[in-house]
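Undergrad: Provided below: work.pdb, containing PDB, C-alpha atoms.
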ATOM      1  CA  MET A  12      11.180  -7.824 -29.720
ATOM      2  CA  LEU A  13      11.827 -10.398 -26.994
ATOM      3  CA  ARG A  14      10.278  -7.994 -24.538
ATOM      4  CA  SER A  15       7.122  -7.667 -26.654
ATOM      5  CA  ILE A  16       6.761 -11.458 -26.805
ATOM      6  CA  PHE A  17       7.106 -11.696 -23.018
ATOM      7  CA  THR A  18       4.558  -8.901 -22.588
ATOM      8  CA  ALA A  19       2.079 -10.698 -24.873
ATOM      9  CA  ILE A  20       2.548 -13.999 -22.978
ATOM     10  CA  PHE A  21       2.138 -12.194 -19.665
ATOM     11  CA  LEU A  22      -1.044 -10.449 -20.843
ATOM     12  CA  PHE A  23      -2.461 -13.730 -22.108
ATOM     13  CA  ALA A  24      -1.669 -15.482 -18.797
ATOM     14  CA  LEU A  25      -3.346 -12.629 -16.924
ATOM     15  CA  TRP A  26      -6.373 -12.826 -19.223
ATOM     16  CA  TYR A  27      -6.640 -16.589 -18.739
ATOM     17  CA  LEU A  28      -6.336 -16.383 -14.946
ATOM     18  CA  MET A  29      -8.990 -13.674 -14.826
ATOM     19  CA  SER A  30     -11.498 -15.530 -17.015
ATOM     20  CA  GLY A  31     -10.757 -19.207 -16.295
ATOM     21  CA  ILE A  32     -12.610 -20.341 -19.425
ATOM     22  CA  ASP A  33     -10.799 -22.948 -21.564
ATOM     23  CA  LYS A  34     -12.914 -23.195 -24.710
ATOM     24  CA  THR A  35     -10.872 -23.026 -27.901
ATOM     25  CA  LEU A  36     -12.672 -20.009 -29.361
ATOM     26  CA  THR A  37     -12.287 -17.851 -26.252
ATOM     27  CA  LEU A  38      -8.640 -18.873 -25.861
ATOM     28  CA  VAL A  39      -7.922 -17.855 -29.461
ATOM     29  CA  LEU A  40      -9.765 -14.575 -28.990
ATOM     30  CA  GLY A  41      -7.835 -13.897 -25.773
ATOM     31  CA  ALA A  42      -4.493 -14.639 -27.421
ATOM     32  CA  GLY A  43      -5.469 -12.451 -30.371
ATOM     33  CA  SER A  44      -6.458  -9.533 -28.167
ATOM     34  CA  SER A  45      -3.245  -9.690 -26.104
ATOM     35  CA  VAL A  46      -1.126  -9.672 -29.277
ATOM     36  CA  PHE A  47      -3.241  -6.784 -30.581
ATOM     37  CA  ALA A  48      -2.715  -4.835 -27.343
ATOM     38  CA  VAL A  49       1.068  -5.308 -27.557
ATOM     39  CA  TRP A  50       0.999  -4.194 -31.207
ATOM     40  CA  ILE A  51      -0.848  -0.992 -30.247
ATOM     41  CA  VAL A  52       1.642  -0.316 -27.429
ATOM     42  CA  ARG A  53       4.574  -0.752 -29.834
ATOM     43  CA  ARG A  54       3.026   1.675 -32.298
ATOM     44  CA  MET A  55       2.479   4.203 -29.504
ATOM     45  CA  ASP A  56       6.104   3.791 -28.424
ATOM     46  CA  GLU A  57       7.222   4.581 -31.966
ATOM     47  CA  ALA A  58       5.005   7.663 -32.055
ATOM     48  CA  SER A  59       6.567   9.036 -28.864
ATOM     49  CA  ASN A  60      10.203   8.340 -28.046
ATOM     50  CA  PHE A  61       9.501   8.311 -24.319
ATOM     51  CA  LYS A  62      10.524   5.156 -22.454
ATOM     52  CA  CYS A  63       7.467   4.521 -20.321
ATOM     53  CA  LEU A  64       7.969   0.840 -19.492
ATOM     54  CA  SER A  65      11.224   0.966 -17.540
ATOM     55  CA  VAL A  66      11.041  -0.657 -14.120
ATOM     56  CA  HIS A  67      14.284  -0.619 -12.155
ATOM     57  CA  LEU A  68      13.597  -2.911  -9.219
ATOM     58  CA  ARG A  69      15.417  -6.007  -8.031
ATOM     59  CA  PRO A  70      12.760  -8.745  -7.830
ATOM     60  CA  ILE A  71      14.238 -10.784  -4.950
ATOM     61  CA  GLU A  72      15.118  -7.736  -2.861
ATOM     62  CA  PHE A  73      11.659  -6.338  -3.532
ATOM     63  CA  GLY A  74      10.032  -9.592  -2.396
ATOM     64  CA  LYS A  75      11.972  -9.452   0.874
ATOM     65  CA  TYR A  76      10.992  -5.810   1.218
ATOM     66  CA  ILE A  77       7.265  -6.643   0.866
ATOM     67  CA  PHE A  78       7.436  -9.078   3.799
ATOM     68  CA  TRP A  79       9.290  -6.515   5.911
ATOM     69  CA  VAL A  80       6.622  -3.915   5.046
ATOM     70  CA  LEU A  81       3.826  -6.310   6.057
ATOM     71  CA  ALA A  82       5.449  -6.709   9.494
ATOM     72  CA  GLU A  83       5.803  -2.920   9.795
ATOM     73  CA  ILE A  84       2.127  -2.461   8.837
ATOM     74  CA  ALA A  85       1.098  -4.901  11.574
ATOM     75  CA  LYS A  86       3.181  -3.039  14.183
ATOM     76  CA  SER A  87       1.985   0.448  13.283
ATOM     77  CA  ASN A  88      -1.621  -0.760  12.991
ATOM     78  CA  TRP A  89      -1.359  -1.890  16.598
ATOM     79  CA  THR A  90      -0.050   1.521  17.655
ATOM     80  CA  VAL A  91      -2.898   3.405  15.959
ATOM     81  CA  ILE A  92      -5.540   0.963  17.243
ATOM     82  CA  LYS A  93      -4.304   1.528  20.809
ATOM     83  CA  ILE A  94      -4.645   5.296  20.323
ATOM     84  CA  VAL A  95      -8.169   4.964  18.868
ATOM     85  CA  LEU A  96      -9.389   2.750  21.709
ATOM     86  CA  SER A  97      -7.717   4.575  24.606
ATOM     87  CA  PRO A  98     -10.066   6.907  26.554
ATOM     88  CA  ASN A  99      -7.851  10.022  26.299
ATOM     89  CA  MET A 100      -6.500   9.762  22.771
ATOM     90  CA  ASP A 101      -2.771  10.376  23.125
ATOM     91  CA  ILE A 102      -2.185  12.241  19.866
ATOM     92  CA  LYS A 103       1.057  14.109  19.234
ATOM     93  CA  GLN A 104       0.708  15.456  15.728
ATOM     94  CA  LYS A 105       3.744  16.812  13.976
ATOM     95  CA  MET A 106       4.887  17.690  10.464
ATOM     96  CA  TYR A 107       8.481  16.733   9.860
ATOM     97  CA  GLU A 108      10.906  16.282   7.001
ATOM     98  CA  VAL A 109      12.164  12.863   5.924
ATOM     99  CA  PRO A 110      15.182  12.826   3.575
ATOM    100  CA  PHE A 111      15.252  10.180   0.864
ATOM    101  CA  THR A 112      18.187   8.605  -0.997
ATOM    102  CA  GLN A 113      16.422   6.905  -3.927
ATOM    103  CA  LYS A 114      17.576   7.956  -7.374
ATOM    104  CA  SER A 115      14.709   6.839  -9.598
ATOM    105  CA  ASP A 116      11.166   8.203  -9.598
ATOM    106  CA  LEU A 117       9.852   4.697  -9.005
ATOM    107  CA  GLY A 118      12.004   4.221  -5.892
ATOM    108  CA  GLN A 119      10.814   7.534  -4.479
ATOM    109  CA  ALA A 120       7.205   6.591  -5.233
ATOM    110  CA  VAL A 121       7.666   3.242  -3.465
ATOM    111  CA  PHE A 122       9.140   4.957  -0.395
ATOM    112  CA  ALA A 123       6.423   7.635  -0.267
ATOM    113  CA  ASN A 124       3.656   5.087  -0.737
ATOM    114  CA  THR A 125       5.105   2.855   1.981
ATOM    115  CA  ILE A 126       5.167   5.787   4.406
ATOM    116  CA  THR A 127       1.501   6.453   3.647
ATOM    117  CA  LEU A 128       0.572   2.753   3.750
ATOM    118  CA  THR A 129       1.802   2.290   7.314
ATOM    119  CA  PRO A 130      -0.846   3.823   9.598
ATOM    120  CA  GLY A 131       0.328   6.772  11.648
ATOM    121  CA  THR A 132       2.397   8.473   8.942
ATOM    122  CA  ILE A 133       1.280  10.184   5.727
ATOM    123  CA  THR A 134       3.437  11.706   3.005
ATOM    124  CA  VAL A 135       2.068  15.170   2.401
ATOM    125  CA  GLU A 136       4.467  16.868   0.021
ATOM    126  CA  VAL A 137       7.443  15.889  -2.129
ATOM    127  CA  GLU A 138      10.326  18.357  -2.214
ATOM    128  CA  ALA A 139      13.664  18.135  -4.034
ATOM    129  CA  ASP A 140      15.470  15.953  -1.500
ATOM    130  CA  HIS A 141      12.962  15.200   1.263
ATOM    131  CA  PHE A 142       9.341  14.339   1.917
ATOM    132  CA  LEU A 143       7.065  16.296   4.216
ATOM    133  CA  VAL A 144       5.504  13.688   6.500
ATOM    134  CA  HIS A 145       2.646  14.088   8.958
ATOM    135  CA  GLY A 146       2.863  11.796  11.987
ATOM    136  CA  LEU A 147       0.003  10.948  14.323
ATOM    137  CA  SER A 148       1.956   9.984  17.455
ATOM    138  CA  TYR A 149       5.318  11.606  16.933
ATOM    139  CA  SER A 150       8.324  10.468  18.914
ATOM    140  CA  PHE A 151      12.000  11.032  18.253
ATOM    141  CA  ASP A 152      12.483   7.369  17.244
ATOM    142  CA  ASP A 153      10.380   7.925  14.117
ATOM    143  CA  HIS A 154      13.347   9.477  12.318
ATOM    144  CA  ALA A 155      15.467   6.355  12.844
ATOM    145  CA  ALA A 156      12.591   4.050  11.792
ATOM    146  CA  LEU A 157      11.980   6.011   8.588
ATOM    147  CA  ALA A 158      15.722   6.132   7.836
ATOM    148  CA  GLU A 159      15.740   2.319   8.128
ATOM    149  CA  MET A 160      12.812   2.127   5.695
ATOM    150  CA  ASP A 161      14.633   4.497   3.330
ATOM    151  CA  ARG A 162      17.734   2.272   3.412
ATOM    152  CA  ARG A 163      15.656  -0.802   2.600
ATOM    153  CA  VAL A 164      13.863   0.874  -0.312
ATOM    154  CA  SER A 165      17.198   2.022  -1.747
ATOM    155  CA  LYS A 166      18.418  -1.586  -1.601
ATOM    156  CA  THR A 167      15.558  -2.723  -3.856
ATOM    157  CA  GLU A 168      16.559  -0.233  -6.549
ATOM    158  CA  GLY A 169      18.429  -1.669  -9.516
ATOM    159  CA  ILE A 170      20.952   0.147 -11.674
ATOM    160  CA  VAL A 171      19.451   3.443 -12.799
ATOM    161  CA  ASP A 172      20.657   4.999 -16.032
ATOM    162  CA  LEU A 173      19.482   8.590 -15.870
TER     163      LEU A 173
ATOM    164  CA  MET B 938      -6.949 -34.332   6.012
ATOM    165  CA  ASN B 939     -10.451 -33.365   6.972
ATOM    166  CA  ILE B 940      -9.247 -31.860  10.234
ATOM    167  CA  PHE B 941      -6.651 -29.869   8.294
ATOM    168  CA  LEU B 942      -9.348 -28.396   6.019
ATOM    169  CA  ASP B 943     -11.503 -27.539   9.043
ATOM    170  CA  LEU B 944      -8.517 -25.843  10.647
ATOM    171  CA  LEU B 945      -8.016 -23.775   7.487
ATOM    172  CA  GLN B 946     -11.653 -22.679   7.643
ATOM    173  CA  VAL B 947     -11.241 -21.658  11.283
ATOM    174  CA  ILE B 948      -8.141 -19.618  10.405
ATOM    175  CA  ALA B 949      -9.997 -18.042   7.477
ATOM    176  CA  TRP B 950     -12.903 -16.978   9.678
ATOM    177  CA  ILE B 951     -10.553 -15.611  12.346
ATOM    178  CA  CYS B 952      -8.892 -13.490   9.640
ATOM    179  CA  ILE B 953     -12.224 -12.256   8.241
ATOM    180  CA  PHE B 954     -13.594 -11.502  11.710
ATOM    181  CA  SER B 955     -10.523  -9.560  12.890
ATOM    182  CA  GLY B 956     -10.386  -7.733   9.554
ATOM    183  CA  GLY B 957     -13.979  -6.632  10.079
ATOM    184  CA  ILE B 958     -13.127  -5.458  13.590
ATOM    185  CA  LEU B 959     -10.210  -3.426  12.191
ATOM    186  CA  VAL B 960     -12.563  -1.769   9.686
ATOM    187  CA  ILE B 961     -14.941  -0.861  12.540
ATOM    188  CA  ILE B 962     -12.027   0.506  14.600
ATOM    189  CA  GLY B 963     -10.979   2.640  11.629
ATOM    190  CA  ALA B 964     -14.501   4.056  11.366
ATOM    191  CA  LEU B 965     -14.614   4.647  15.140
ATOM    192  CA  GLY B 966     -11.269   6.448  14.966
ATOM    193  CA  SER B 967     -12.395   8.756  12.203
ATOM    194  CA  LEU B 968     -15.396   9.686  14.383
ATOM    195  CA  ARG B 969     -13.432  10.187  17.614
ATOM    196  CA  PHE B 970     -10.304  11.975  16.423
ATOM    197  CA  PRO B 971     -10.278  15.754  16.760
ATOM    198  CA  ASP B 972      -9.270  17.140  13.372
ATOM    199  CA  PHE B 973      -8.806  16.393   9.687
ATOM    200  CA  TRP B 974      -5.214  15.152   9.850
ATOM    201  CA  SER B 975      -5.695  12.637  12.646
ATOM    202  CA  ARG B 976      -8.882  11.345  10.997
ATOM    203  CA  LEU B 977      -6.856  10.602   7.888
ATOM    204  CA  HIS B 978      -4.642   8.307  10.001
ATOM    205  CA  ALA B 979      -7.641   6.487  11.476
ATOM    206  CA  ALA B 980      -8.944   5.799   7.977
ATOM    207  CA  SER B 981      -5.617   4.238   7.017
ATOM    208  CA  VAL B 982      -6.157   1.458   9.593
ATOM    209  CA  THR B 983      -9.131   0.381   7.486
ATOM    210  CA  ASP B 984      -7.069   0.856   4.359
ATOM    211  CA  SER B 985      -4.112  -1.366   5.262
ATOM    212  CA  GLY B 986      -4.743  -3.794   8.101
ATOM    213  CA  GLY B 987      -8.450  -4.334   7.483
ATOM    214  CA  VAL B 988      -8.009  -4.940   3.774
ATOM    215  CA  ILE B 989      -5.070  -7.334   4.254
ATOM    216  CA  LEU B 990      -6.888  -9.456   6.832
ATOM    217  CA  LEU B 991     -10.182  -9.543   4.908
ATOM    218  CA  LEU B 992      -8.526 -10.518   1.623
ATOM    219  CA  LEU B 993      -6.311 -13.090   3.362
ATOM    220  CA  GLY B 994      -9.313 -14.618   5.088
ATOM    221  CA  MET B 995     -11.357 -14.765   1.890
ATOM    222  CA  GLY B 996      -8.391 -16.251   0.027
ATOM    223  CA  ILE B 997      -7.938 -19.053   2.563
ATOM    224  CA  HIS B 998     -11.702 -19.605   2.712
ATOM    225  CA  SER B 999     -12.030 -20.112  -1.045
ATOM    226  CA  GLY B1000      -9.157 -22.621  -1.223
ATOM    227  CA  PHE B1001      -6.432 -22.223  -3.813
ATOM    228  CA  ASN B1002      -8.034 -21.543  -7.180
ATOM    229  CA  LEU B1003      -8.707 -18.648  -9.553
ATOM    230  CA  ILE B1004     -10.605 -16.732  -6.867
ATOM    231  CA  THR B1005      -7.450 -16.594  -4.723
ATOM    232  CA  PHE B1006      -5.554 -15.112  -7.642
ATOM    233  CA  LYS B1007      -8.232 -12.489  -8.234
ATOM    234  CA  LEU B1008      -8.203 -11.550  -4.541
ATOM    235  CA  LEU B1009      -4.413 -11.210  -4.757
ATOM    236  CA  LEU B1010      -4.811  -8.872  -7.743
ATOM    237  CA  ILE B1011      -7.387  -6.799  -5.828
ATOM    238  CA  GLY B1012      -4.906  -6.589  -2.943
ATOM    239  CA  VAL B1013      -2.101  -5.402  -5.227
ATOM    240  CA  PHE B1014      -4.343  -2.731  -6.733
ATOM    241  CA  LEU B1015      -5.504  -1.523  -3.315
ATOM    242  CA  PHE B1016      -1.893  -1.404  -2.100
ATOM    243  CA  ILE B1017      -1.024   0.966  -4.921
ATOM    244  CA  THR B1018      -4.188   3.058  -5.144
ATOM    245  CA  GLY B1019      -4.934   3.381  -1.398
ATOM    246  CA  PRO B1020      -1.795   5.301  -0.378
ATOM    247  CA  THR B1021      -1.900   7.317  -3.612
ATOM    248  CA  SER B1022      -5.419   8.557  -2.937
ATOM    249  CA  SER B1023      -4.745   9.362   0.731
ATOM    250  CA  HIS B1024      -1.614  11.238  -0.360
ATOM    251  CA  ALA B1025      -3.745  13.182  -2.864
ATOM    252  CA  VAL B1026      -6.251  14.120  -0.147
ATOM    253  CA  ALA B1027      -3.488  15.087   2.321
ATOM    254  CA  ASN B1028      -1.650  17.129  -0.301
ATOM    255  CA  ALA B1029      -4.825  18.983  -1.308
ATOM    256  CA  ALA B1030      -5.507  19.801   2.354
ATOM    257  CA  TRP B1031      -1.913  21.013   2.869
ATOM    258  CA  VAL B1032      -1.981  23.187  -0.252
ATOM    259  CA  SER B1033      -5.318  24.740   0.709
ATOM    260  CA  GLY B1034      -3.922  25.572   4.147
ATOM    261  CA  ILE B1035      -5.487  23.198   6.681
ATOM    262  CA  LYS B1036      -2.949  23.035   9.506
ATOM    263  CA  PRO B1037      -2.831  20.303  12.173
ATOM    264  CA  LEU B1038      -4.156  21.130  15.639
ATOM    265  CA  ARG B1039      -1.424  22.060  18.102
ATOM    266  CA  ASN B1040      -2.362  19.216  20.510
ATOM    267  CA  LYS B1041      -4.247  21.681  22.689
ATOM    268  CA  HIS B1042      -7.098  19.308  23.560
ATOM    269  CA  LYS B1043      -4.659  17.447  25.800
ATOM    270  CA  LYS B1044      -4.372  18.062  29.508
ATOM    271  CA  PRO B1045      -1.150  19.830  30.504
ATOM    272  CA  GLY B1046       1.493  17.771  32.264
ATOM    273  CA  ILE B1047       1.184  14.600  30.191
ATOM    274  CA  ASP B1048       3.809  15.693  27.677
ATOM    275  CA  LYS B1049       7.050  13.799  28.119
TER     276      LYS B1049
END
Translate this structure into structure tokens?

TA:
Amino acid sequence: MLRSIFTAIFLFALWYLMSGIDKTLTLVLGAGSSVFAVWIVRRMDEASNFKCLSVHLRPIEFGKYIFWVLAEIAKSNWTVIKIVLSPNMDIKQKMYEVPFTQKSDLGQAVFANTITLTPGTITVEVEADHFLVHGLSYSFDDHAALAEMDRRVSKTEGIVDL
Amino acid sequence: MNIFLDLLQVIAWICIFSGGILVIIGALGSLRFPDFWSRLHAASVTDSGGVILLLLGMGIHSGFNLITFKLLLIGVFLFITGPTSSHAVANAAWVSGIKPLRNKHKKPGIDK
């Protein structure tokens, strides 16, 4: 119940920030529609007993992680830009396997998306305990860098009850 | 105070300008690179660095109001959907059997 109230307040805040109109009628309509949306979601949850709204992430750790990822994006952008602008493009393509240690689906999705988000590496396939990653300028250090990223993603994971 | 606001505008335009250059570099890379897989990497320069710098520049340029919040939301959405779509493209290529080039366009002797 408490969760539904928070969801409704969050939806209303989002609605208000998107519209920015503060007339009474529109505010009432916005509040009404966010409560209505939460009511529909609750009914759908009753119809299926599948927990779809379970996010297991530590907020503070995840905030730190975002800043670390932004720095990594800047670094790998620079690497790829140098390759694009150099006269003989020094490409060393390679497919390699990257093991992951996250337990939840969300953690694995965050790790895979971060690999793809940093230029120079793309997650191609997800296997049982590793990703298949395609690297643009492969060097042996990439394994250590991706293991570091894996460790940091695992730190943002909260307690998972599987 | 006025000088501070001017400085913010200068920073905003530097961000927008360099973001635009990154987008052009991404396009140039996807023209120059030899095969499908490396072109995918060139496009991701546009996807990450270009988008971050452009949105940051526009956010600073507009000052701190509702527009900044909307730009932040756009950034969050692009951060989730961008990698997902490039993963979908890469996975489809892998499943349908496009293999990376074996670096044969390079001159011999450069390999470390």

Undergrad: If the ChimeraX specification (/B :<6) & /A were run on this exact file, what residues would it hold? Put them as a list in words.

TA: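 Residues picked by the ChimeraX specification (/B :<6) & /A: Val95, Asn124, Thr127, Leu128, Pro130, Gly131 and Val135 of chain A.
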
Undergrad: How far is it from atom CA of B:Ser1033 to atom CA of A:Thr129, in Å with one decimal?

TA: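 Atom CA of B:Ser1033 sits 24.5 Å away from atom CA of A:Thr129.
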
Undergrad: Quick check, in Å to one decimal: how far apart do atom CA of A:Ile32 and atom CA of A:Ile20 lie?

TA: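 We find that atom CA of A:Ile32 and atom CA of A:Ile20 lie 16.8 Å from each other.
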
Undergrad: For the structure provided, state which residues fall under the PyMOL selection byres ((chain A and resi 160-169) around 12), and present them as a PyMOL selection string.

TA: chain A and resi 65-80+83+109-126+129+141-142+153-159+170-172

Undergrad: On this structure, the PyMOL selection byres ((chain A and resi 44-59) around 12) would catch which residues? List them as a PDB file with C-alpha atoms, in the coordinates of the input, sorted by chain and number.

TA:
ATOM      1  CA  MET A  12      11.180  -7.824 -29.720  1.00  0.00           C
ATOM      2  CA  LEU A  13      11.827 -10.398 -26.994  1.00  0.00           C
ATOM      3  CA  ARG A  14      10.278  -7.994 -24.538  1.00  0.00           C
ATOM      4  CA  SER A  15       7.122  -7.667 -26.654  1.00  0.00           C
ATOM      5  CA  ILE A  16       6.761 -11.458 -26.805  1.00  0.00           C
ATOM      6  CA  PHE A  17       7.106 -11.696 -23.018  1.00  0.00           C
ATOM      7  CA  THR A  18       4.558  -8.901 -22.588  1.00  0.00           C
ATOM      8  CA  ALA A  19       2.079 -10.698 -24.873  1.00  0.00           C
ATOM      9  CA  ILE A  20       2.548 -13.999 -22.978  1.00  0.00           C
ATOM     10  CA  PHE A  21       2.138 -12.194 -19.665  1.00  0.00           C
ATOM     11  CA  LEU A  22      -1.044 -10.449 -20.843  1.00  0.00           C
ATOM     12  CA  PHE A  23      -2.461 -13.730 -22.108  1.00  0.00           C
ATOM     13  CA  ALA A  24      -1.669 -15.482 -18.797  1.00  0.00           C
ATOM     14  CA  LEU A  25      -3.346 -12.629 -16.924  1.00  0.00           C
ATOM     15  CA  TRP A  26      -6.373 -12.826 -19.223  1.00  0.00           C
ATOM     16  CA  TYR A  27      -6.640 -16.589 -18.739  1.00  0.00           C
ATOM     17  CA  THR A  37     -12.287 -17.851 -26.252  1.00  0.00           C
ATOM     18  CA  LEU A  38      -8.640 -18.873 -25.861  1.00  0.00           C
ATOM     19  CA  VAL A  39      -7.922 -17.855 -29.461  1.00  0.00           C
ATOM     20  CA  LEU A  40      -9.765 -14.575 -28.990  1.00  0.00           C
ATOM     21  CA  GLY A  41      -7.835 -13.897 -25.773  1.00  0.00           C
ATOM     22  CA  ALA A  42      -4.493 -14.639 -27.421  1.00  0.00           C
ATOM     23  CA  GLY A  43      -5.469 -12.451 -30.371  1.00  0.00           C
ATOM     24  CA  ASN A  60      10.203   8.340 -28.046  1.00  0.00           C
ATOM     25  CA  PHE A  61       9.501   8.311 -24.319  1.00  0.00           C
ATOM     26  CA  LYS A  62      10.524   5.156 -22.454  1.00  0.00           C
ATOM     27  CA  CYS A  63       7.467   4.521 -20.321  1.00  0.00           C
ATOM     28  CA  LEU A  64       7.969   0.840 -19.492  1.00  0.00           C
TER      29      LEU A  64
END

Undergrad: Expressed in Å to a single decimal, how great is the separation between atom CA of B:Ser955 and atom CA of B:Phe973?

TA: 26.2 Å

Undergrad: A:Lys86, A:Lys34, A:Lys93, A:Lys105: which is nearest A:Phe151, counting only C-alpha atoms?

TA: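 Under the stated criterion, the closest residue is A:Lys105.
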
Undergrad: Using only the atoms of stretch 976-991 of chain B listed in the file, plus 5 Å on each side, state the axis-aligned box centre and edge lengths in Å rounded to one decimal, as JSON.

TA:
{"center_x": -7.1, "center_y": 0.9, "center_z": 7.6, "size_x": 16.1, "size_y": 30.9, "size_z": 17.7}

Undergrad: Neighbouring residues of stretch 939-945 of chain B were defined as those with any atom within 10 Å, considering only C-alpha atoms; residues of the same chain fewer than 6 positions away were excluded. Please report them as an MDAnalysis selection string.

TA: chainID B and resid 951 994 997:998 1000

Undergrad: Compile the contact shell of A:Ile94 as a PDB file with C-alpha atoms, in the coordinates of the input: residues with an atom at most 10 Å away, counting all atoms listed in the file, same-chain residues fewer than 3 positions apart removed.

TA:
ATOM      1  CA  ASN A  88      -1.621  -0.760  12.991  1.00  0.00           C
ATOM      2  CA  TRP A  89      -1.359  -1.890  16.598  1.00  0.00           C
ATOM      3  CA  THR A  90      -0.050   1.521  17.655  1.00  0.00           C
ATOM      4  CA  VAL A  91      -2.898   3.405  15.959  1.00  0.00           C
ATOM      5  CA  SER A  97      -7.717   4.575  24.606  1.00  0.00           C
ATOM      6  CA  PRO A  98     -10.066   6.907  26.554  1.00  0.00           C
ATOM      7  CA  ASN A  99      -7.851  10.022  26.299  1.00  0.00           C
ATOM      8  CA  MET A 100      -6.500   9.762  22.771  1.00  0.00           C
ATOM      9  CA  ASP A 101      -2.771  10.376  23.125  1.00  0.00           C
ATOM     10  CA  ILE A 102      -2.185  12.241  19.866  1.00  0.00           C
ATOM     11  CA  LEU A 147       0.003  10.948  14.323  1.00  0.00           C
ATOM     12  CA  SER A 148       1.956   9.984  17.455  1.00  0.00           C
TER      13      SER A 148
ATOM     14  CA  GLY B 966     -11.269   6.448  14.966  1.00  0.00           C
ATOM     15  CA  PHE B 970     -10.304  11.975  16.423  1.00  0.00           C
ATOM     16  CA  ALA B 979      -7.641   6.487  11.476  1.00  0.00           C
TER      17      ALA B 979
END

Undergrad: Mind checking which residues fall within 8 Å of B:Cys952, counting only C-alpha atoms, ignoring those fewer than 2 positions away in the same chain, and posting them as a ChimeraX atom specification?

TA: /B:948-950,954-956,990-991,993-994
